[in-house]
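Engineer: Next comes model_31.csv, CSV, C-alpha atoms:
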```
chain,number,residue,atom,x,y,z
A,1500,MET,CA,111.8,128.6,66.6
A,1501,SER,CA,108.7,126.8,65.3
A,1502,VAL,CA,110.8,124.5,63.1
A,1503,LEU,CA,113.0,123.6,66.0
A,1504,ALA,CA,110.0,122.9,68.2
A,1505,VAL,CA,108.6,120.6,65.6
A,1506,ILE,CA,111.9,118.7,65.3
A,1507,PHE,CA,111.9,118.3,69.1
A,1508,ILE,CA,108.3,117.1,69.2
A,1509,VAL,CA,108.8,114.6,66.4
A,1510,ALA,CA,111.9,113.2,68.1
A,1511,GLY,CA,109.9,112.7,71.3
A,1512,ILE,CA,107.1,111.0,69.4
A,1513,PHE,CA,109.7,108.7,67.8
A,1514,PHE,CA,111.0,107.7,71.3
A,1515,PHE,CA,107.3,107.2,72.5
A,1516,THR,CA,106.7,104.9,69.5
A,1517,THR,CA,109.8,102.8,70.1
A,1518,SER,CA,109.0,102.4,73.8
A,1519,THR,CA,105.4,101.3,73.0
A,1520,ILE,CA,106.7,98.8,70.4
A,1521,GLY,CA,109.1,97.5,73.0
A,1522,LEU,CA,106.3,97.2,75.6
A,1523,LEU,CA,104.3,95.1,73.1
A,1524,ARG,CA,107.0,93.0,71.6
A,1525,PHE,CA,109.5,92.1,74.3
A,1526,PRO,CA,109.2,88.7,76.0
A,1527,ASP,CA,109.7,89.5,79.7
A,1528,PHE,CA,108.8,91.9,82.4
A,1529,TYR,CA,112.3,93.1,82.9
A,1530,THR,CA,112.9,93.7,79.2
A,1531,ARG,CA,109.6,95.6,78.9
A,1532,MET,CA,110.7,97.7,81.8
A,1533,HIS,CA,114.0,98.4,80.0
A,1534,ALA,CA,112.2,99.6,76.9
A,1535,THR,CA,109.6,101.8,78.6
A,1536,GLY,CA,111.8,103.2,81.4
A,1537,LYS,CA,114.2,104.9,79.1
A,1538,GLY,CA,112.1,105.5,76.0
A,1539,ASP,CA,109.2,107.1,77.8
A,1540,THR,CA,111.4,109.4,79.9
A,1541,LEU,CA,113.4,110.7,77.0
A,1542,GLY,CA,110.2,111.0,74.8
A,1543,ALA,CA,108.4,113.1,77.4
A,1544,PHE,CA,111.4,115.3,78.0
A,1545,LEU,CA,111.9,116.0,74.3
A,1546,THR,CA,108.2,116.6,73.6
A,1547,LEU,CA,107.8,119.0,76.5
A,1548,THR,CA,110.9,120.9,75.6
A,1549,GLY,CA,109.5,121.2,72.0
A,1550,LEU,CA,106.2,122.5,73.4
A,1551,ALA,CA,108.1,125.0,75.6
A,1552,LEU,CA,109.9,126.3,72.5
A,1553,TYR,CA,106.6,126.4,70.5
A,1554,ASN,CA,105.0,128.4,73.3
A,1555,LEU,CA,107.5,131.2,72.7
A,1556,HIS,CA,106.9,131.6,68.9
A,1557,HIS,CA,104.5,134.6,69.4
A,1558,GLY,CA,107.2,136.6,71.1
A,1559,PHE,CA,109.0,136.8,74.4
A,1560,THR,CA,106.3,138.2,76.7
A,1561,VAL,CA,106.5,137.6,80.5
A,1562,ALA,CA,103.4,135.4,80.5
A,1563,ALA,CA,104.7,133.2,77.7
A,1564,ILE,CA,108.1,132.8,79.4
A,1565,LEU,CA,106.4,131.9,82.7
A,1566,VAL,CA,104.3,129.2,80.9
A,1567,SER,CA,107.4,127.8,79.2
A,1568,ILE,CA,109.2,127.6,82.6
A,1569,LYS,CA,106.2,125.7,83.9
A,1570,ILE,CA,106.4,123.3,81.0
A,1571,LEU,CA,110.1,122.8,81.7
A,1572,PHE,CA,109.3,122.1,85.4
A,1573,ILE,CA,106.9,119.3,84.3
A,1574,ALA,CA,109.6,117.9,82.1
A,1575,LEU,CA,112.1,118.0,84.9
A,1576,PHE,CA,109.6,116.3,87.3
A,1577,ILE,CA,109.0,113.5,84.8
A,1578,PHE,CA,112.7,113.2,84.2
A,1579,ILE,CA,113.2,112.5,87.9
A,1580,ALA,CA,110.0,110.6,88.7
A,1581,ASN,CA,109.8,108.2,85.8
A,1582,PRO,CA,113.1,106.4,86.5
A,1583,THR,CA,112.2,106.3,90.2
A,1584,ALA,CA,108.9,104.6,89.4
A,1585,THR,CA,110.8,102.2,87.1
A,1586,HIS,CA,113.2,101.3,89.8
A,1587,ALA,CA,110.4,100.7,92.3
A,1588,ILE,CA,108.5,98.3,90.0
A,1589,THR,CA,111.7,96.4,89.1
A,1590,LYS,CA,112.6,96.1,92.8
A,1591,ALA,CA,109.1,94.8,93.5
A,1592,GLY,CA,109.5,92.2,90.8
A,1593,LEU,CA,113.0,91.3,92.0
A,1594,ASP,CA,111.8,90.8,95.6
A,1595,CYS,CA,109.2,88.4,94.4
A,1596,ASN,CA,111.7,86.2,92.6
A,1597,VAL,CA,110.4,86.8,89.1
A,1598,LYS,CA,112.7,84.8,86.9
A,1599,PRO,CA,114.3,86.8,84.1
A,1600,TRP,CA,113.6,85.5,80.6
A,1601,GLU,CA,116.2,83.3,79.0
A,1602,LYS,CA,116.6,82.2,75.4
A,1603,LYS,CA,115.3,78.7,74.9
A,1604,GLU,CA,117.7,76.1,73.8
A,1605,SER,CA,117.0,75.3,70.2
A,1606,SER,CA,117.5,71.6,69.8
A,1607,LYS,CA,118.1,71.2,66.2
B,1463,MET,CA,101.2,124.4,63.0
B,1464,GLU,CA,97.9,123.8,64.8
B,1465,SER,CA,97.1,120.9,62.6
B,1466,VAL,CA,100.6,119.4,63.5
B,1467,VAL,CA,99.7,119.6,67.2
B,1468,LEU,CA,96.4,117.9,66.4
B,1469,TYR,CA,98.0,115.1,64.4
B,1470,ILE,CA,100.5,114.5,67.1
B,1471,ALA,CA,97.7,114.3,69.7
B,1472,MET,CA,95.9,111.7,67.5
B,1473,PHE,CA,99.1,109.7,67.1
B,1474,LEU,CA,99.6,109.7,70.9
B,1475,CYS,CA,96.0,108.4,71.3
B,1476,ILE,CA,96.8,105.5,69.0
B,1477,LEU,CA,99.9,104.7,71.1
B,1478,VAL,CA,97.8,104.8,74.2
B,1479,MET,CA,95.5,102.2,72.6
B,1480,LEU,CA,98.5,100.0,71.8
B,1481,ALA,CA,99.8,100.3,75.4
B,1482,LEU,CA,96.4,99.4,76.7
B,1483,TYR,CA,96.6,96.0,75.0
B,1484,ARG,CA,99.5,95.1,77.3
B,1485,GLY,CA,97.5,96.4,80.2
B,1486,ILE,CA,94.6,94.0,79.4
B,1487,ALA,CA,96.6,91.0,78.2
B,1488,GLY,CA,99.7,91.3,80.4
B,1489,PRO,CA,100.6,88.0,81.9
B,1490,THR,CA,101.7,89.3,85.3
B,1491,VAL,CA,100.5,92.1,87.5
B,1492,LEU,CA,103.8,94.1,87.0
B,1493,ASP,CA,103.2,94.2,83.2
B,1494,ARG,CA,99.9,95.9,83.9
B,1495,ILE,CA,101.5,98.4,86.2
B,1496,ILE,CA,104.1,99.2,83.5
B,1497,SER,CA,101.3,99.7,81.0
B,1498,ILE,CA,99.5,102.1,83.4
B,1499,SER,CA,102.8,104.0,83.9
B,1500,VAL,CA,103.3,104.4,80.2
B,1501,ILE,CA,99.7,105.5,79.6
B,1502,GLY,CA,100.0,108.1,82.4
B,1503,THR,CA,103.1,109.6,80.9
B,1504,LYS,CA,101.5,109.8,77.5
B,1505,THR,CA,98.4,111.4,79.0
B,1506,THR,CA,100.5,114.1,80.6
B,1507,ILE,CA,101.9,115.0,77.2
B,1508,LEU,CA,98.4,114.7,75.7
B,1509,LEU,CA,97.0,117.2,78.3
B,1510,ALA,CA,99.8,119.7,77.4
B,1511,LEU,CA,99.0,119.3,73.7
B,1512,MET,CA,95.3,119.8,74.5
B,1513,GLY,CA,96.2,123.1,76.0
B,1514,PHE,CA,97.7,124.2,72.7
B,1515,ILE,CA,94.7,122.9,70.8
B,1516,TYR,CA,92.1,124.8,72.9
B,1517,LYS,CA,94.4,127.9,73.4
B,1518,ARG,CA,94.3,127.5,77.2
B,1519,VAL,CA,97.8,126.5,77.9
B,1520,ASP,CA,98.2,127.7,81.5
B,1521,MET,CA,95.1,126.0,82.7
B,1522,PHE,CA,95.8,122.6,81.0
B,1523,LEU,CA,99.4,122.7,82.3
B,1524,ASP,CA,98.2,122.7,85.8
B,1525,ILE,CA,96.0,119.6,85.1
B,1526,ALA,CA,99.0,118.0,83.4
B,1527,LEU,CA,101.2,118.6,86.4
B,1528,ALA,CA,98.6,117.2,88.8
B,1529,TYR,CA,98.3,114.2,86.5
B,1530,ALA,CA,102.0,113.6,86.5
B,1531,LEU,CA,102.2,113.8,90.3
B,1532,LEU,CA,99.2,111.4,90.7
B,1533,ASN,CA,100.7,109.0,88.2
B,1534,PHE,CA,104.0,108.9,90.1
B,1535,ILE,CA,102.3,108.4,93.5
B,1536,ALA,CA,100.0,105.7,92.1
B,1537,ILE,CA,102.9,103.7,90.6
B,1538,ILE,CA,105.0,104.0,93.7
B,1539,ALA,CA,102.0,102.8,95.8
B,1540,ALA,CA,101.3,99.9,93.5
B,1541,ALA,CA,104.9,98.8,93.5
B,1542,LYS,CA,105.0,99.0,97.3
B,1543,PHE,CA,101.8,97.1,97.6
B,1544,PHE,CA,102.8,94.2,95.3
B,1545,ARG,CA,106.2,93.9,96.8
B,1546,ARG,CA,106.6,90.4,98.4
B,1547,ARG,CA,103.1,89.3,97.3
B,1548,LYS,CA,102.4,85.7,96.5
B,1549,SER,CA,100.0,86.5,93.7
B,1550,ILE,CA,102.4,88.5,91.5
B,1551,ILE,CA,102.8,85.6,89.2
B,1552,PRO,CA,99.9,83.2,88.9
B,1553,GLY,CA,100.9,79.7,90.1
B,1554,GLU,CA,104.2,80.7,91.8
B,1555,GLN,CA,105.0,81.2,95.5
B,1556,CYS,CA,107.2,83.9,96.8
B,1557,SER,CA,109.0,84.0,100.1
B,1558,LEU,CA,107.0,86.5,102.1
B,1559,ASP,CA,109.3,86.9,105.1
B,1560,LYS,CA,112.6,87.1,103.2
B,1561,GLY,CA,114.8,89.5,105.2
B,1562,GLY,CA,112.0,91.1,107.1
B,1563,GLU,CA,112.2,94.8,107.5
```
Just dump the structure as structure tokens.
Structural biologist:
Amino acid sequence: MSVLAVIFIVAGIFFFTTSTIGLLRFPDFYTRMHATGKGDTLGAFLTLTGLALYNLHHGFTVAAILVSIKILFIALFIFIANPTATHAITKAGLDCNVKPWEKKESSK
Amino acid sequence: MESVVLYIAMFLCILVMLALYRGIAGPTVLDRIISISVIGTKTTILLALMGFIYKRVDMFLDIALAYALLNFIAIIAAAKFFRRRKSIIPGEQCSLDKGGE
């Protein structure tokens, strides 16, 4: 159980790292949104699932199971709320006519 | 295992610092809002990890849940506020009364 939890948490940290690199390196607002909207959601979901599994490694008592269910509810909330926030920000940018980034013509 | 949780929390702090660079140097307002959203999600995870470090999981999970809710509401409010604003890109005009709700 503990090994499985560590695998989940490290996978979540990997997605967090990729989303942060995308936030730093991408050229445009929309592309940054594309990186963070998916990477952060999946990273938070995987990390919280790993924490819920790690919480049960002392044994399946009632208190531990309730705390794990609460962690899974936070994960579910983030899984619903984070794409909604992403959609709202993208809609705000689209309504203000923010031009998407285009690759510049390389005149060689 | 406790040290693994501690190292993961430290790594998340480094990622928050990196995301804060985009929040400070972002060219438009929306970049800063994305950065705040990313930092808020990472802080939620960080609060849950702090519960495991300090052995008070149930208390810190309530704080993490409240932080996730506040983060979501703040991002929605900011996106609603900056919708159809002129100043979303410096130097560009945006049609304020397009459509008209």
Engineer: Given the point (107.7, 98.6, 81.6) in the file's coordinates, find the residues that have an atom at most 9 Å from it, counting all atoms listed in the file, and give them as a VMD selection string.
Structural biologist: (chain A and resid 1518 1521 to 1522 1528 to 1536 1585 1588 to 1589) or (chain B and resid 1492 to 1497 1499 to 1500)
Engineer: Quick one: which chain A residues come within 6 Å of chain B, and what is the nearest atom pair for each with the distance in Å to one decimal, counting only C-alpha atoms, rows ordered by chain and ascending number, as a Markdown table?
Structural biologist:
```
| residue | atom | partner | partner_atom | distance |
| --- | --- | --- | --- | --- |
| A:Ala1584 | CA | B:Ile1538 | CA | 5.8 |
| A:Ala1587 | CA | B:Ala1541 | CA | 5.9 |
| A:Ile1588 | CA | B:Ala1541 | CA | 5.0 |
| A:Ala1591 | CA | B:Arg1545 | CA | 4.5 |
| A:Asp1594 | CA | B:Arg1546 | CA | 5.9 |
| A:Cys1595 | CA | B:Arg1546 | CA | 5.2 |
```
Engineer: In Å, rounded to a single decimal, give me how far CA of Phe1513 (chain A) is from CA of Asp1527 (chain A).
Structural biologist: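 These two atoms are separated by 22.6 Å.
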Engineer: So how many Å separate CA of Tyr1516 (chain B) and CA of Ile1579 (chain A), to one decimal?
Structural biologist: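 Atom-to-atom, CA of Tyr1516 (chain B) and CA of Ile1579 (chain A) are spaced 28.7 Å apart.
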Engineer: Neighbouring residues of region 1571-1577 of chain A were defined as those with any atom within 7 Å, considering only C-alpha atoms; residues of the same chain fewer than 2 positions away were excluded. Please report them as a ChimeraX atom specification.
Structural biologist: /A:1540,1543-1544,1547-1548,1551,1567-1569,1579-1581 /B:1527
Engineer: If I take CA of Ala1562 (chain A) and CA of Phe1578 (chain A), how far is one from the other in Å, to one decimal?
Structural biologist: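 We find that CA of Ala1562 (chain A) and CA of Phe1578 (chain A) lie 24.4 Å from each other.
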Engineer: Which of these, A:Gly1592, A:Gly1558, A:Gly1542, A:Pro1599, has the shortest distance to Ile1512 (chain A) once you count all atoms listed in the file?
Structural biologist: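 For Ile1512 (chain A), the nearest of the given residues is A:Gly1542.
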Engineer: Please identify all polymer residues within 9 Å of Leu1541 (chain A), counting all atoms listed in the file, omitting same-chain residues fewer than 4 positions from it, and present them as a PyMOL selection string.
Structural biologist: chain A and resi 1511+1514-1515+1536-1537+1545-1546+1578
Engineer: Between B:Gly1502, B:Glu1464, B:Ala1487, B:Cys1475, which residue has the minimum interatomic distance to Asp1539 (chain A), considering all atoms listed in the file?
Structural biologist: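 Residue with the minimum atom-to-atom distance to Asp1539 (chain A): B:Gly1502.
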Engineer: List the spatial neighbours of Val1505 (chain A) as an MDAnalysis selection string - criterion: any atom at most 8 Å away, all atoms listed in the file, same-chain residues fewer than 4 positions off excluded.
Structural biologist: chainID A and resid 1501 1509 1549 1553
Engineer: List as a PyMOL selection string the protein and nucleic acid residues near Phe1522 (chain B), meaning an atom at most 8 Å away when all atoms listed in the file are counted, but skip any in the same chain fewer than 6 places from it.
Structural biologist: chain B and resi 1509-1510+1512-1513
